[in-house]
Structure formats: C-alpha cells, structure tokens
>>> print(open('input_9.pdb').read())   # PDB, C-alpha atoms, pLDDT in the B column
ATOM      1  CA  MET A   1       0.000   0.000   0.000  1.00 37.00           C
ATOM      2  CA  ALA A   2       1.490   3.357  -1.058  1.00 46.00           C
ATOM      3  CA  SER A   3       1.733   6.109   1.487  1.00 49.00           C
ATOM      4  CA  ALA A   4       0.693   9.704   0.906  1.00 49.00           C
ATOM      5  CA  PRO A   5       3.436  12.071  -0.277  1.00 57.00           C
ATOM      6  CA  ALA A   6       5.119  14.150   2.401  1.00 66.00           C
ATOM      7  CA  ASP A   7       4.937  17.946   2.554  1.00 76.00           C
ATOM      8  CA  SER A   8       8.687  18.289   2.032  1.00 85.00           C
ATOM      9  CA  TYR A   9      11.804  16.175   1.607  1.00 91.00           C
ATOM     10  CA  GLY A  10      15.356  16.336   2.945  1.00 91.00           C
ATOM     11  CA  CYS A  11      18.678  14.576   2.417  1.00 94.00           C
ATOM     12  CA  ALA A  12      18.684  11.092   3.960  1.00 93.00           C
ATOM     13  CA  ALA A  13      22.430  11.252   4.679  1.00 93.00           C
ATOM     14  CA  CYS A  14      22.660  14.534   6.606  1.00 92.00           C
ATOM     15  CA  GLY A  15      19.037  15.640   7.125  1.00 90.00           C
ATOM     16  CA  ALA A  16      19.437  18.920   5.228  1.00 91.00           C
ATOM     17  CA  LEU A  17      16.202  20.509   4.032  1.00 91.00           C
ATOM     18  CA  LEU A  18      16.074  20.336   0.220  1.00 91.00           C
ATOM     19  CA  ASP A  19      12.806  22.243  -0.299  1.00 87.00           C
ATOM     20  CA  LEU A  20      11.384  19.466  -2.470  1.00 89.00           C
ATOM     21  CA  SER A  21       7.670  20.140  -2.316  1.00 86.00           C
ATOM     22  CA  ALA A  22       4.958  17.578  -2.970  1.00 86.00           C
ATOM     23  CA  ALA A  23       3.231  20.285  -5.035  1.00 88.00           C
ATOM     24  CA  HIS A  24       5.913  19.774  -7.734  1.00 89.00           C
ATOM     25  CA  LEU A  25       5.883  15.968  -7.574  1.00 89.00           C
ATOM     26  CA  TYR A  26       4.857  14.090 -10.724  1.00 87.00           C
ATOM     27  CA  PRO A  27       2.230  11.337 -10.235  1.00 85.00           C
ATOM     28  CA  ALA A  28       3.641   7.838  -9.721  1.00 79.00           C
ATOM     29  CA  ASP A  29       2.003   6.548 -12.940  1.00 80.00           C
ATOM     30  CA  PHE A  30       3.326   9.400 -15.159  1.00 80.00           C
ATOM     31  CA  TYR A  31       5.230   7.973 -18.179  1.00 75.00           C
ATOM     32  CA  PHE A  32       8.879   8.924 -18.761  1.00 73.00           C
ATOM     33  CA  GLU A  33      11.249   7.583 -21.429  1.00 66.00           C
ATOM     34  CA  ALA A  34      14.000   6.974 -18.856  1.00 66.00           C
ATOM     35  CA  GLY A  35      11.604   5.199 -16.485  1.00 68.00           C
ATOM     36  CA  ASN A  36      10.526   6.027 -12.955  1.00 74.00           C
ATOM     37  CA  LYS A  37      11.269   2.900 -10.920  1.00 81.00           C
ATOM     38  CA  GLY A  38      12.566   3.503  -7.389  1.00 86.00           C
ATOM     39  CA  THR A  39      12.541   7.274  -7.815  1.00 89.00           C
ATOM     40  CA  LEU A  40      10.469  10.383  -7.197  1.00 90.00           C
ATOM     41  CA  SER A  41      10.297  12.916 -10.037  1.00 90.00           C
ATOM     42  CA  PHE A  42       9.831  16.646  -9.506  1.00 92.00           C
ATOM     43  CA  SER A  43       9.062  19.365 -12.045  1.00 90.00           C
ATOM     44  CA  TRP A  44      10.852  22.080 -10.020  1.00 91.00           C
ATOM     45  CA  VAL A  45      13.526  22.193  -7.307  1.00 93.00           C
ATOM     46  CA  ASP A  46      15.241  24.904  -5.258  1.00 91.00           C
ATOM     47  CA  GLU A  47      18.628  24.947  -6.997  1.00 92.00           C
ATOM     48  CA  SER A  48      20.294  26.844  -4.128  1.00 93.00           C
ATOM     49  CA  ARG A  49      20.141  23.705  -1.941  1.00 93.00           C
ATOM     50  CA  LEU A  50      21.614  21.339  -4.547  1.00 95.00           C
ATOM     51  CA  ARG A  51      24.825  20.845  -6.550  1.00 95.00           C
ATOM     52  CA  PHE A  52      24.661  20.034 -10.256  1.00 95.00           C
ATOM     53  CA  ALA A  53      27.436  18.368 -12.275  1.00 94.00           C
ATOM     54  CA  PRO A  54      27.178  17.394 -15.972  1.00 89.00           C
ATOM     55  CA  GLU A  55      27.739  13.724 -16.722  1.00 82.00           C
ATOM     56  CA  ASP A  56      28.368  12.212 -20.152  1.00 73.00           C
ATOM     57  CA  ARG A  57      28.149   8.471 -20.621  1.00 66.00           C
ATOM     58  CA  ILE A  58      29.056   6.780 -23.877  1.00 63.00           C
ATOM     59  CA  ARG A  59      27.662   3.318 -24.485  1.00 60.00           C
ATOM     60  CA  PRO A  60      29.437   1.313 -27.185  1.00 59.00           C
ATOM     61  CA  PHE A  61      27.123   0.162 -29.935  1.00 56.00           C
ATOM     62  CA  PHE A  62      29.377  -1.163 -32.696  1.00 57.00           C
ATOM     63  CA  GLU A  63      32.950  -2.106 -32.003  1.00 55.00           C
ATOM     64  CA  THR A  64      34.660  -0.216 -34.799  1.00 54.00           C
ATOM     65  CA  LEU A  65      37.411   2.388 -34.706  1.00 52.00           C
ATOM     66  CA  ASN A  66      35.280   5.176 -36.190  1.00 50.00           C
ATOM     67  CA  TYR A  67      32.115   4.778 -34.136  1.00 48.00           C
ATOM     68  CA  TRP A  68      31.881   6.211 -30.618  1.00 46.00           C
ATOM     69  CA  GLY A  69      28.534   4.747 -29.628  1.00 48.00           C
ATOM     70  CA  ILE A  70      25.369   6.268 -28.277  1.00 59.00           C
ATOM     71  CA  GLN A  71      26.033   9.301 -26.120  1.00 58.00           C
ATOM     72  CA  ARG A  72      23.746   9.925 -23.178  1.00 61.00           C
ATOM     73  CA  LYS A  73      23.894  13.216 -21.313  1.00 71.00           C
ATOM     74  CA  ARG A  74      22.460  13.836 -17.882  1.00 80.00           C
ATOM     75  CA  THR A  75      23.228  15.944 -14.832  1.00 90.00           C
ATOM     76  CA  ARG A  76      24.063  14.596 -11.371  1.00 93.00           C
ATOM     77  CA  ILE A  77      22.197  16.080  -8.396  1.00 96.00           C
ATOM     78  CA  SER A  78      24.041  16.134  -5.061  1.00 96.00           C
ATOM     79  CA  CYS A  79      23.213  17.567  -1.651  1.00 95.00           C
ATOM     80  CA  ASP A  80      24.885  20.962  -1.215  1.00 94.00           C
ATOM     81  CA  ALA A  81      25.441  20.350   2.513  1.00 93.00           C
ATOM     82  CA  CYS A  82      27.138  16.914   2.415  1.00 94.00           C
ATOM     83  CA  GLY A  83      27.737  16.103  -1.288  1.00 94.00           C
ATOM     84  CA  HIS A  84      25.662  12.868  -1.181  1.00 95.00           C
ATOM     85  CA  LEU A  85      24.365  11.752  -4.609  1.00 95.00           C
ATOM     86  CA  LEU A  86      20.594  12.260  -4.696  1.00 96.00           C
ATOM     87  CA  GLY A  87      19.653  11.615  -8.330  1.00 94.00           C
ATOM     88  CA  HIS A  88      19.855  12.998 -11.852  1.00 91.00           C
ATOM     89  CA  VAL A  89      18.230  15.570 -14.130  1.00 90.00           C
ATOM     90  CA  TYR A  90      16.731  14.170 -17.343  1.00 84.00           C
ATOM     91  CA  ASP A  91      15.256  16.023 -20.309  1.00 78.00           C
ATOM     92  CA  ASP A  92      12.307  13.682 -20.814  1.00 75.00           C
ATOM     93  CA  GLY A  93       9.690  15.783 -18.993  1.00 75.00           C
ATOM     94  CA  PRO A  94       6.546  17.232 -20.540  1.00 76.00           C
ATOM     95  CA  PRO A  95       6.928  19.255 -23.767  1.00 73.00           C
ATOM     96  CA  ALA A  96       8.100  22.853 -23.224  1.00 72.00           C
ATOM     97  CA  MET A  97       5.921  24.123 -26.064  1.00 68.00           C
ATOM     98  CA  GLN A  98       2.301  23.977 -27.130  1.00 67.00           C
ATOM     99  CA  GLY A  99       1.024  22.598 -30.440  1.00 61.00           C
ATOM    100  CA  THR A 100       2.854  20.430 -32.957  1.00 59.00           C
ATOM    101  CA  GLY A 101       6.601  20.068 -33.164  1.00 55.00           C
ATOM    102  CA  GLN A 102       9.087  20.910 -35.868  1.00 57.00           C
ATOM    103  CA  PHE A 103       7.779  20.386 -39.423  1.00 59.00           C
ATOM    104  CA  GLY A 104       4.218  20.061 -38.053  1.00 58.00           C
ATOM    105  CA  MET A 105       4.852  16.595 -36.647  1.00 57.00           C
ATOM    106  CA  GLY A 106       3.581  15.271 -33.340  1.00 55.00           C
ATOM    107  CA  PRO A 107       5.554  14.683 -30.147  1.00 52.00           C
ATOM    108  CA  SER A 108       9.075  13.452 -30.794  1.00 52.00           C
ATOM    109  CA  GLN A 109      12.627  14.173 -29.739  1.00 50.00           C
ATOM    110  CA  VAL A 110      12.703  17.394 -31.777  1.00 60.00           C
ATOM    111  CA  ILE A 111      10.275  18.995 -29.323  1.00 66.00           C
ATOM    112  CA  PRO A 112      12.135  20.723 -26.479  1.00 72.00           C
ATOM    113  CA  ARG A 113      11.212  19.186 -23.155  1.00 76.00           C
ATOM    114  CA  ARG A 114      11.185  20.495 -19.606  1.00 82.00           C
ATOM    115  CA  PRO A 115      13.766  19.075 -17.213  1.00 86.00           C
ATOM    116  CA  ARG A 116      12.723  16.324 -14.830  1.00 88.00           C
ATOM    117  CA  TYR A 117      14.481  16.152 -11.480  1.00 92.00           C
ATOM    118  CA  ARG A 118      14.632  12.451 -10.592  1.00 91.00           C
ATOM    119  CA  PHE A 119      15.596  11.628  -6.986  1.00 94.00           C
ATOM    120  CA  LYS A 120      16.322   8.158  -5.626  1.00 93.00           C
ATOM    121  CA  ILE A 121      13.782   7.213  -2.955  1.00 92.00           C
ATOM    122  CA  LYS A 122      16.565   5.929  -0.667  1.00 93.00           C
ATOM    123  CA  ALA A 123      18.524   9.201  -0.986  1.00 94.00           C
ATOM    124  CA  ILE A 124      15.809  11.524   0.334  1.00 93.00           C
ATOM    125  CA  ALA A 125      13.854  11.415   3.567  1.00 91.00           C
ATOM    126  CA  ALA A 126      10.259  12.563   3.864  1.00 85.00           C
ATOM    127  CA  SER A 127       9.320  15.055   6.547  1.00 76.00           C
ATOM    128  CA  SER A 128       5.771  16.011   7.394  1.00 60.00           C
ATOM    129  CA  SER A 129       6.591  19.544   8.527  1.00 49.00           C
ATOM    130  CA  ALA A 130       8.978  22.042   7.017  1.00 43.00           C
ATOM    131  CA  PRO A 131       9.890  23.716  10.359  1.00 44.00           C
ATOM    132  CA  ALA A 132      11.196  20.414  11.743  1.00 44.00           C
ATOM    133  CA  ALA A 133      13.318  19.888   8.626  1.00 39.00           C
ATOM    134  CA  ALA A 134      14.563  23.491   8.791  1.00 40.00           C
ATOM    135  CA  ALA A 135      15.644  22.904  12.396  1.00 42.00           C
ATOM    136  CA  ALA A 136      17.607  19.837  11.277  1.00 41.00           C
ATOM    137  CA  TYR A 137      19.282  21.970   8.593  1.00 37.00           C
ATOM    138  CA  GLY A 138      20.428  24.406  11.252  1.00 42.00           C
ATOM    139  CA  LYS A 139      18.167  27.381  10.532  1.00 40.00           C
TER     140      LYS A 139
END
>>> encode(input="input_9.pdb", output="structure tokens")
Amino acid sequence: MASAPADSYGCAACGALLDLSAAHLYPADFYFEAGNKGTLSFSWVDESRLRFAPEDRIRPFFETLNYWGIQRKRTRISCDACGHLLGHVYDDGPPAMQGTGQFGMGPSQVIPRRPRYRFKIKAIAASSSAPAAAAAYGK
C-alpha cells in the first residue's frame, strides 16, 4: 500500500532541508522515457540547496574504430550540505511548447522538453513539517 506524499523532503544522509515540495511531484504513474522505478520525479527544485554536475556516458554500440557509440547526457544532483548523490536531471519531462513540433509533426525528440528532477527514494527522507526539517538543517 502506497503512502501519501510528504509535505517536504530532505537529504537522507545529513538531514538537510532540500525544499522538495509535494506540489511539484509528478504522479507515480506518469510515463517517462528513462523510467521512474525507485525514484520520485519533480518538475521544479530549489537549486540553491543542490549541486549540479554534468555527466556524459558513452555506451558502445558497434565495435569499430570510427564509431563512438550512443552518447547519453544527464546531470548529477548532489546535496549541497554533504555532497551525497541524490539523483539525476533528465530532459524527458513534458513538452516545453504547445502545439505540434518541428515540421508540423507530433511529439518526438525534436520537441524541447522540460527538465525532470529524478531523486532516488533511498537518498531523500520525507518530513511532514517544514519547520522540523529546517531545524535539522540548522536554521
């Protein structure tokens, strides 16, 4: 049985308040290309409480000298207080524009998409009240 989302979330490693609000939480059954298993996805985060680092991963596809493989770009999200890895930012969120995409076609990869902030469930801790989490953060 799934529990109700908390009012706010903090870092599970150090208890720092991350200002992740349930108001910006995507529904659990929302479809994403990169999946949603074992994570919580947010449409907006307070970037002052987090560290972002670009990450490029190349997956070999054909083993030839002239082919580099499929390149996948994402951004690592870490806690600003302790540096603990919390999740990643993906660009597979809802479309950032209205109407049809480039050349009048429907939704595809040519349509710019909003970022999706994907946090590992084990990396964040739910708190029912923001003042209690702010006290743990030292404010």
>>> resolve_selection(input="input_9.pdb", expression="the PyMOL selection byres ((chain A and resi 74) around 9)", output="ChimeraX atom specification")
/A:53-57,72-73,75-76,88-91
>>> residues_near_point(input="input_9.pdb", point="(13.6, 21.3, -18.1)", cutoff="7 Å", atoms="all atoms listed in the file", output="list in words")
Asp91, Gly93, Arg113, Arg114, Pro115 and Arg116 of chain A
>>> resolve_selection(input="input_9.pdb", expression="the PyMOL selection byres ((chain A and resi 23-37) around 12)", output="compact mmCIF listing (two decimals) with C-alpha atoms, in the coordinates of the input")
# COMPACT_ATOMS: atom_id res chain seq x y z
CA ALA A 2 1.49 3.36 -1.06
CA SER A 3 1.73 6.11 1.49
CA ALA A 4 0.69 9.70 0.91
CA PRO A 5 3.44 12.07 -0.28
CA ALA A 6 5.12 14.15 2.40
CA ASP A 7 4.94 17.95 2.55
CA SER A 8 8.69 18.29 2.03
CA TYR A 9 11.80 16.18 1.61
CA ASP A 19 12.81 22.24 -0.30
CA LEU A 20 11.38 19.47 -2.47
CA SER A 21 7.67 20.14 -2.32
CA ALA A 22 4.96 17.58 -2.97
CA GLY A 38 12.57 3.50 -7.39
CA THR A 39 12.54 7.27 -7.82
CA LEU A 40 10.47 10.38 -7.20
CA SER A 41 10.30 12.92 -10.04
CA PHE A 42 9.83 16.65 -9.51
CA SER A 43 9.06 19.36 -12.04
CA TRP A 44 10.85 22.08 -10.02
CA VAL A 45 13.53 22.19 -7.31
CA ASP A 46 15.24 24.90 -5.26
CA ARG A 72 23.75 9.93 -23.18
CA LYS A 73 23.89 13.22 -21.31
CA ARG A 74 22.46 13.84 -17.88
CA GLY A 87 19.65 11.62 -8.33
CA HIS A 88 19.86 13.00 -11.85
CA VAL A 89 18.23 15.57 -14.13
CA TYR A 90 16.73 14.17 -17.34
CA ASP A 91 15.26 16.02 -20.31
CA ASP A 92 12.31 13.68 -20.81
CA GLY A 93 9.69 15.78 -18.99
CA PRO A 94 6.55 17.23 -20.54
CA PRO A 95 6.93 19.26 -23.77
CA SER A 108 9.07 13.45 -30.79
CA GLN A 109 12.63 14.17 -29.74
CA ARG A 113 11.21 19.19 -23.16
CA ARG A 114 11.18 20.50 -19.61
CA PRO A 115 13.77 19.08 -17.21
CA ARG A 116 12.72 16.32 -14.83
CA TYR A 117 14.48 16.15 -11.48
CA ARG A 118 14.63 12.45 -10.59
CA PHE A 119 15.60 11.63 -6.99
CA LYS A 120 16.32 8.16 -5.63
CA ILE A 121 13.78 7.21 -2.96
CA LYS A 122 16.57 5.93 -0.67
>>> atom_distance(input="input_9.pdb", atom1="atom CA of Leu85 of chain A", atom2="atom CA of Ala123 of chain A")
7.3 Å
>>> atom_distance(input="input_9.pdb", atom1="atom CA of Ser48 of chain A", atom2="atom CA of Pro112 of chain A")
24.6 Å
>>> closest_residue(input="input_9.pdb", among="A:Phe52, A:Cys14, A:Ala96, A:Ser127", to="Ile77 of chain A", atoms="all atoms listed in the file")
A:Phe52
>>> axis_aligned_box(input="input_9.pdb", around="segment 22-39 of chain A", padding_each_side="4 Å", output="AutoDock Vina command-line options")
--center_x 8.0 --center_y 11.6 --center_z -12.2 --size_x 20.0 --size_y 25.4 --size_z 26.5
>>> atom_distance(input="input_9.pdb", atom1="atom CA of Ala126 of chain A", atom2="atom CA of Glu47 of chain A")
18.5 Å
